[in-house]
There are 2 protein chains.
Amino acid sequence: MSLKLGLLGLLNYNSMTGYDLSKFFSASLSFFWTATTSQVYRELTTMEKEGWVTSEVEVQFSKPNKKIYSITELGKKEMINWLTNHNIEEDNPGDRNPMLMKLFFGAEVPKEVMVEYLERNQNFYEEKLRELDQAKETINYNDERVSKDKVMYWRLCESYGEHYYKATLEWIKEALSIIKEES
Amino acid sequence: MSLKLGLLGLLNYNSMTGYDLSKFFSASLSFFWTATTSQVYRELTTMEKEGWVTSEVEVQFSKPNKKIYSITELGKKEMINWLTNHNIEEDNPGDRNPMLMKLFFGAEVPKEVMVEYLERNQNFYEEKLRELDQAKETINYNDERVSKDKVMYWRLCESYGEHYYKATLEWIKEALSIIKEES
DNA sequence: TTAATCATGTAACACGTTACATGATTGC
DNA sequence: GCAATCATGTAACGTGTTACATGATTAA
């Protein structure tokens, strides 16, 4: 459901094509959700059937025609409904962490293998943190066309990332020293 | 792939039935991966086709026969291979966080809605932390039949949970105070 | 001249979820 | 007498992934 609702959320800001949507998705939501173009087109088709969006074709020359999607009243209702009614368990899968799956069975391979694994994860998350810092600097939050509320919520999402990356890095540091200690 | 390899990992400890596997799964791996019985049976079928596991039937009276699965040499190779060759990007999806998706579009609904949402998440994670504490106490890590290495890795997985839950709770606390401040 | 961008998708597969079905045994 | 446990699955659906196809335009 999150993908559908992410698309509704973006269409609620502006009507646009599937192509635009998938670009906006990677630009603004990819930090906590990813979607390929194929997925976006498929979802748009089913969402149109359900009456959450409508489309109109804009004829173009020497390019494929644009199919511009807009959110409907029904779609808006659906979005507000999703924003208002919570299912906390569903919203926090928390499971499906391949890294922990690997670590759980780490005793089956030499320690150096797991040490290297954690170190590479460390690099990965340090890089993520740097990327986040850069993003913070480049995004212009003072754009007057954007409401303060939106900016606040967007910043909170960013801040989650920071907390999450830092916590992971701290854990990796501890884990590495424990593994090395035991050798 | 993680599900298949989780199953291989468990079968590497002990041969058992699909039914046993799904119980072990919920008992020991559900903290970072979940699997339903239907999924387990399906995966076992395909893994047998690939030669990673074999099965033999144990006839029972007045109960369905047991189909006991064992890991093969090929399966062990596959497992070690997975443990040894890393793809850090794949192992850290990090995306797909429905909670952040919701928060991102939070400006579309009254602030109280998002405050309540975060408060319920807070309760959720506090409960998770308590559960983890309980688990720590009940699990007997001094079982002599289990190698020290295994215990170490299992504990590291637990410790990840602790870090993760605590970081999330801290972020929620900050987020709540920021949202309330802006009102 | 090659690659990237614009803009649309289809097809097949992988994996997760939900619901349903069977039928005896054991515990409350 | 009823629910839970044992033990096996099937079927259908939802959603994510990967690969492929088309064909003009623009920038390096």
# chains A, B, ... in the order shown; residues from 1 in each chain; ligands from 1
call {"tool": "closest_atom_pairs", "arguments": {"of": "chain B", "to": "chain D", "cutoff": "8 Å", "atoms": "only C-alpha atoms (C1' of nucleotides)", "output": "Markdown table"}}
result
| residue | atom | partner | partner_atom | distance |
| --- | --- | --- | --- | --- |
| B:Tyr19 | CA | D:DA7 | C1' | 6.4 |
| B:Ser38 | CA | D:DG9 | C1' | 7.6 |
| B:Tyr41 | CA | D:DG9 | C1' | 7.6 |
| B:Lys63 | CA | D:DA7 | C1' | 7.3 |
| B:Pro64 | CA | D:DA7 | C1' | 5.5 |
| B:Asn65 | CA | D:DA7 | C1' | 7.3 |
| B:Lys66 | CA | D:DA7 | C1' | 6.9 |
call {"tool": "interface_residues", "arguments": {"of": "chain A", "to": "chain B", "cutoff": "7 Å", "atoms": "only C-alpha atoms", "output": "short mmCIF file (atom, residue, chain, number, x, y, z; two decimals) with N, CA and C atoms, in the first residue's frame"}}
result
data_model
loop_
_atom_site.label_atom_id
_atom_site.label_comp_id
_atom_site.auth_asym_id
_atom_site.auth_seq_id
_atom_site.Cartn_x
_atom_site.Cartn_y
_atom_site.Cartn_z
N SER A 2 2.02 1.24 0.62
CA SER A 2 2.82 2.46 0.74
C SER A 2 3.18 3.05 -0.61
N GLY A 6 2.25 6.68 -1.65
CA GLY A 6 3.32 7.62 -1.98
C GLY A 6 3.01 8.32 -3.30
N GLY A 9 0.30 10.78 -2.78
CA GLY A 9 0.85 11.94 -2.09
C GLY A 9 1.54 12.90 -3.04
N SER A 30 13.17 8.22 -2.09
CA SER A 30 13.99 7.02 -2.20
C SER A 30 14.74 6.70 -0.91
N PHE A 31 14.85 7.68 -0.03
CA PHE A 31 15.52 7.44 1.23
C PHE A 31 14.78 6.39 2.08
N PHE A 32 13.47 6.36 1.95
CA PHE A 32 12.73 5.36 2.73
C PHE A 32 11.81 4.49 1.87
N TRP A 33 11.86 4.67 0.55
CA TRP A 33 11.07 3.80 -0.33
C TRP A 33 11.62 3.89 -1.73
N THR A 34 11.72 2.78 -2.41
CA THR A 34 12.17 2.82 -3.79
C THR A 34 11.10 2.25 -4.71
N ILE A 80 -6.07 10.60 2.77
CA ILE A 80 -6.33 11.12 4.11
C ILE A 80 -6.67 9.97 5.07
N LEU A 83 -3.58 8.32 6.03
CA LEU A 83 -2.79 9.14 6.95
C LEU A 83 -3.41 9.18 8.35
N THR A 84 -4.70 8.93 8.41
CA THR A 84 -5.42 9.10 9.66
C THR A 84 -5.57 7.80 10.45
N HIS A 86 -4.27 4.29 11.66
CA HIS A 86 -2.94 3.71 11.81
C HIS A 86 -2.97 2.22 12.11
N ILE A 88 0.00 0.26 13.48
CA ILE A 88 1.40 0.39 13.89
C ILE A 88 2.23 -0.85 13.56
N ASP A 91 3.06 -0.90 9.95
CA ASP A 91 3.96 0.18 9.56
C ASP A 91 5.38 -0.03 10.05
N ASN A 92 5.57 -0.98 10.93
CA ASN A 92 6.92 -1.25 11.44
C ASN A 92 7.28 -2.71 11.26
N GLY A 94 10.18 -4.01 10.58
CA GLY A 94 11.32 -4.20 11.49
C GLY A 94 12.03 -5.51 11.21
N ASP A 95 11.32 -6.46 10.65
CA ASP A 95 11.96 -7.72 10.27
C ASP A 95 12.64 -7.53 8.92
N ARG A 96 13.06 -8.62 8.32
CA ARG A 96 13.76 -8.61 7.02
C ARG A 96 15.03 -7.77 7.05
N ASN A 97 15.94 -8.21 7.83
CA ASN A 97 17.25 -7.56 7.86
C ASN A 97 18.33 -8.58 7.47
N PRO A 98 18.70 -8.59 6.18
CA PRO A 98 19.64 -9.60 5.71
C PRO A 98 20.97 -9.55 6.46
N MET A 99 21.36 -8.37 6.89
CA MET A 99 22.63 -8.26 7.60
C MET A 99 22.61 -9.07 8.90
N LEU A 100 21.49 -8.98 9.62
CA LEU A 100 21.41 -9.73 10.87
C LEU A 100 21.30 -11.23 10.60
N MET A 101 20.60 -11.57 9.52
CA MET A 101 20.50 -12.99 9.15
C MET A 101 21.90 -13.57 8.98
N LYS A 102 22.75 -12.81 8.31
CA LYS A 102 24.11 -13.27 8.07
C LYS A 102 24.88 -13.38 9.39
N LEU A 103 24.77 -12.37 10.17
CA LEU A 103 25.51 -12.35 11.42
C LEU A 103 25.08 -13.50 12.34
N PHE A 104 23.80 -13.79 12.32
CA PHE A 104 23.27 -14.86 13.18
C PHE A 104 23.99 -16.18 12.91
N PHE A 105 24.31 -16.43 11.66
CA PHE A 105 24.99 -17.68 11.30
C PHE A 105 26.50 -17.48 11.13
N GLY A 106 27.00 -16.39 11.68
CA GLY A 106 28.40 -16.04 11.51
C GLY A 106 29.40 -17.07 12.02
N ALA A 107 28.98 -17.88 13.00
CA ALA A 107 29.90 -18.85 13.60
C ALA A 107 30.34 -19.93 12.61
N VAL A 109 31.64 -19.49 9.72
CA VAL A 109 32.80 -19.07 8.90
C VAL A 109 33.86 -18.44 9.81
N VAL A 113 36.09 -13.25 8.29
CA VAL A 113 35.04 -13.02 7.30
C VAL A 113 33.99 -12.07 7.85
N TYR A 117 33.09 -8.22 6.93
CA TYR A 117 31.70 -7.91 6.59
C TYR A 117 31.23 -6.67 7.35
N ASN A 121 30.20 -2.85 6.12
CA ASN A 121 28.95 -2.20 6.49
C ASN A 121 29.22 -0.84 7.12
N ASP A 149 5.02 23.59 7.40
CA ASP A 149 4.65 22.27 7.89
C ASP A 149 5.33 21.16 7.10
N LYS A 150 5.25 21.29 5.78
CA LYS A 150 5.88 20.28 4.94
C LYS A 150 7.36 20.18 5.25
N TYR A 153 8.04 18.26 8.40
CA TYR A 153 7.91 16.80 8.29
C TYR A 153 9.05 16.21 7.46
N TRP A 154 9.47 16.92 6.42
CA TRP A 154 10.57 16.42 5.59
C TRP A 154 11.85 16.34 6.43
N LEU A 156 12.03 15.96 9.61
CA LEU A 156 11.92 14.85 10.57
C LEU A 156 12.33 13.53 9.92
N CYS A 157 11.93 13.35 8.67
CA CYS A 157 12.31 12.13 7.97
C CYS A 157 13.83 12.04 7.84
N TYR A 160 15.38 11.13 11.08
CA TYR A 160 15.30 9.70 11.37
C TYR A 160 16.51 9.00 10.79
N HIS A 163 19.62 9.48 12.92
CA HIS A 163 19.59 8.66 14.12
C HIS A 163 19.87 7.19 13.80
N TYR A 164 19.22 6.74 12.75
CA TYR A 164 19.33 5.34 12.38
C TYR A 164 20.76 4.98 11.95
N ALA A 167 23.13 5.12 15.02
CA ALA A 167 22.94 3.98 15.93
C ALA A 167 23.57 2.73 15.34
N TRP A 171 26.65 0.53 16.92
CA TRP A 171 26.52 -0.91 17.15
C TRP A 171 27.64 -1.68 16.44
N ALA A 175 30.23 -4.17 18.11
CA ALA A 175 30.27 -5.55 17.64
C ALA A 175 31.69 -5.94 17.22
#
call {"tool": "select_by_dssp", "arguments": {"residues": "range 28-107 of chain B", "states": "helix (DSSP H, G or I)", "output": "JSON, numbers by chain"}}
result
{"B": [28, 29, 37, 38, 39, 40, 41, 42, 43, 44, 45, 46, 47, 48, 49, 73, 74, 75, 76, 77, 78, 79, 80, 81, 82, 83, 84, 88, 89, 90, 91, 98, 99, 100, 101, 102, 103, 104, 106, 107]}
call {"tool": "write_last_selection", "arguments": {"atoms": "C-alpha atoms", "output": "PDB file, in the first residue's frame"}}
result
ATOM      1  CA  SER B  28      14.934 -17.678  16.868  1.00  0.00           C
ATOM      2  CA  LEU B  29      14.970 -15.610  13.687  1.00  0.00           C
ATOM      3  CA  THR B  37       4.604 -22.115   6.941  1.00  0.00           C
ATOM      4  CA  SER B  38       3.364 -21.855   3.347  1.00  0.00           C
ATOM      5  CA  GLN B  39       6.494 -20.001   2.429  1.00  0.00           C
ATOM      6  CA  VAL B  40       8.703 -22.513   4.195  1.00  0.00           C
ATOM      7  CA  TYR B  41       7.140 -25.439   2.340  1.00  0.00           C
ATOM      8  CA  ARG B  42       7.435 -23.677  -0.980  1.00  0.00           C
ATOM      9  CA  GLU B  43      11.083 -22.818  -0.438  1.00  0.00           C
ATOM     10  CA  LEU B  44      11.895 -26.361   0.661  1.00  0.00           C
ATOM     11  CA  THR B  45      10.386 -27.719  -2.557  1.00  0.00           C
ATOM     12  CA  THR B  46      12.501 -25.447  -4.734  1.00  0.00           C
ATOM     13  CA  MET B  47      15.602 -25.989  -2.622  1.00  0.00           C
ATOM     14  CA  GLU B  48      15.236 -29.728  -3.021  1.00  0.00           C
ATOM     15  CA  LYS B  49      15.039 -29.268  -6.796  1.00  0.00           C
ATOM     16  CA  GLU B  73      27.041 -30.841   0.692  1.00  0.00           C
ATOM     17  CA  LEU B  74      25.930 -28.553  -2.110  1.00  0.00           C
ATOM     18  CA  GLY B  75      23.632 -26.768   0.326  1.00  0.00           C
ATOM     19  CA  LYS B  76      26.480 -26.282   2.784  1.00  0.00           C
ATOM     20  CA  LYS B  77      28.636 -24.852   0.028  1.00  0.00           C
ATOM     21  CA  GLU B  78      25.871 -22.465  -0.887  1.00  0.00           C
ATOM     22  CA  MET B  79      25.535 -21.363   2.719  1.00  0.00           C
ATOM     23  CA  ILE B  80      29.235 -20.787   3.228  1.00  0.00           C
ATOM     24  CA  ASN B  81      29.348 -18.995  -0.073  1.00  0.00           C
ATOM     25  CA  TRP B  82      26.611 -16.643   1.028  1.00  0.00           C
ATOM     26  CA  LEU B  83      28.297 -16.074   4.354  1.00  0.00           C
ATOM     27  CA  THR B  84      31.581 -15.314   2.665  1.00  0.00           C
ATOM     28  CA  ILE B  88      26.530  -4.714   1.188  1.00  0.00           C
ATOM     29  CA  GLU B  89      24.018  -2.709  -0.823  1.00  0.00           C
ATOM     30  CA  GLU B  90      21.674  -5.654  -1.094  1.00  0.00           C
ATOM     31  CA  ASP B  91      22.053  -6.533   2.532  1.00  0.00           C
ATOM     32  CA  PRO B  98       6.016   2.861   5.853  1.00  0.00           C
ATOM     33  CA  MET B  99       6.272   4.984   8.973  1.00  0.00           C
ATOM     34  CA  LEU B 100       8.486   7.532   7.238  1.00  0.00           C
ATOM     35  CA  MET B 101       6.288   7.468   4.162  1.00  0.00           C
ATOM     36  CA  LYS B 102       3.398   8.500   6.346  1.00  0.00           C
ATOM     37  CA  LEU B 103       5.325  11.169   8.162  1.00  0.00           C
ATOM     38  CA  PHE B 104       6.587  12.605   4.897  1.00  0.00           C
ATOM     39  CA  GLY B 106       2.022  14.412   7.449  1.00  0.00           C
ATOM     40  CA  ALA B 107       1.295  18.034   6.524  1.00  0.00           C
TER      41      ALA B 107
END
call {"tool": "interface_residues", "arguments": {"of": "chain C", "to": "chain B", "cutoff": "9 Å", "atoms": "only C-alpha atoms (C1' of nucleotides)", "output": "count of residues only"}}
result
6
call {"tool": "atom_distance", "arguments": {"atom1": "C1' of DT22 in chain C", "atom2": "CA of Asn14 in chain B"}}
result
28.0 Å
call {"tool": "atom_distance", "arguments": {"atom1": "CA of Leu21 in chain B", "atom2": "C1' of DC28 in chain C"}}
result
27.8 Å
call {"tool": "residues_around", "arguments": {"residues": "Ile68 in chain A", "least_positions_apart": "2", "cutoff": "8 Å", "atoms": "only C-alpha atoms (C1' of nucleotides)", "output": "JSON list (two decimals) with C-alpha atoms, in the first residue's frame"}}
result
[["chain", "number", "residue", "atom", "x", "y", "z"],
["A", 15, "SER", "CA", -0.45, 16.35, -11.58],
["A", 16, "MET", "CA", 2.22, 14.61, -13.61],
["A", 17, "THR", "CA", 3.21, 11.69, -15.82],
["A", 18, "GLY", "CA", 4.39, 8.27, -14.67],
["A", 55, "SER", "CA", -5.37, 10.64, -16.77],
["A", 56, "GLU", "CA", -5.48, 12.81, -19.84],
["A", 57, "VAL", "CA", -3.24, 12.50, -22.83],
["A", 58, "GLU", "CA", -1.19, 15.43, -24.03],
["A", 66, "LYS", "CA", 2.35, 12.37, -22.30],
["A", 70, "SER", "CA", -4.24, 13.66, -11.51]]
call {"tool": "select_by_dssp", "arguments": {"residues": "range 10-163 of chain B", "states": "strand (DSSP E)", "output": "JSON, numbers by chain"}}
result
{"B": [53, 54, 55, 56, 57, 58, 66, 67, 68, 69, 70, 71]}
call {"tool": "write_last_selection", "arguments": {"atoms": "C-alpha atoms", "output": "PDB file, in the first residue's frame"}}
result
ATOM      1  CA  VAL B  53      18.485 -30.231   0.687  1.00  0.00           C
ATOM      2  CA  THR B  54      17.217 -33.810   0.606  1.00  0.00           C
ATOM      3  CA  SER B  55      14.236 -35.301   2.364  1.00  0.00           C
ATOM      4  CA  GLU B  56      13.227 -38.656   3.691  1.00  0.00           C
ATOM      5  CA  VAL B  57       9.790 -39.651   4.809  1.00  0.00           C
ATOM      6  CA  GLU B  58       9.214 -41.031   8.281  1.00  0.00           C
ATOM      7  CA  LYS B  66       6.972 -36.571   8.602  1.00  0.00           C
ATOM      8  CA  LYS B  67       9.138 -35.334   5.780  1.00  0.00           C
ATOM      9  CA  ILE B  68      12.520 -34.741   7.314  1.00  0.00           C
ATOM     10  CA  TYR B  69      14.819 -32.386   5.459  1.00  0.00           C
ATOM     11  CA  SER B  70      18.606 -32.436   5.634  1.00  0.00           C
ATOM     12  CA  ILE B  71      21.185 -30.100   4.189  1.00  0.00           C
TER      13      ILE B  71
END
call {"tool": "atom_distance", "arguments": {"atom1": "CA of Ser177 in chain B", "atom2": "CA of Lys136 in chain A"}}
result
20.7 Å
call {"tool": "decode", "arguments": {"residues": "range 14-25 of chain D", "atoms": "C-alpha atoms (C1' of nucleotides)", "output": "PDB file, in the first residue's frame"}}
result
ATOM      1  C1'  DG D  14       0.093  -8.469  -4.010  1.00  0.00           C
ATOM      2  C1'  DT D  15       4.181  -6.381  -4.777  1.00  0.00           C
ATOM      3  C1'  DG D  16       9.173  -6.035  -5.903  1.00  0.00           C
ATOM      4  C1'  DT D  17      12.890  -7.217  -9.455  1.00  0.00           C
ATOM      5  C1'  DT D  18      14.985  -7.794 -13.952  1.00  0.00           C
ATOM      6  C1'  DA D  19      15.184  -7.670 -18.618  1.00  0.00           C
ATOM      7  C1'  DC D  20      13.595  -6.091 -22.755  1.00  0.00           C
ATOM      8  C1'  DA D  21      11.402  -2.950 -26.501  1.00  0.00           C
ATOM      9  C1'  DT D  22      10.501   1.485 -29.011  1.00  0.00           C
ATOM     10  C1'  DG D  23      12.211   5.733 -31.190  1.00  0.00           C
ATOM     11  C1'  DA D  24      13.194  10.630 -31.442  1.00  0.00           C
ATOM     12  C1'  DT D  25      16.250  14.459 -29.364  1.00  0.00           C
TER      13       DT D  25
END
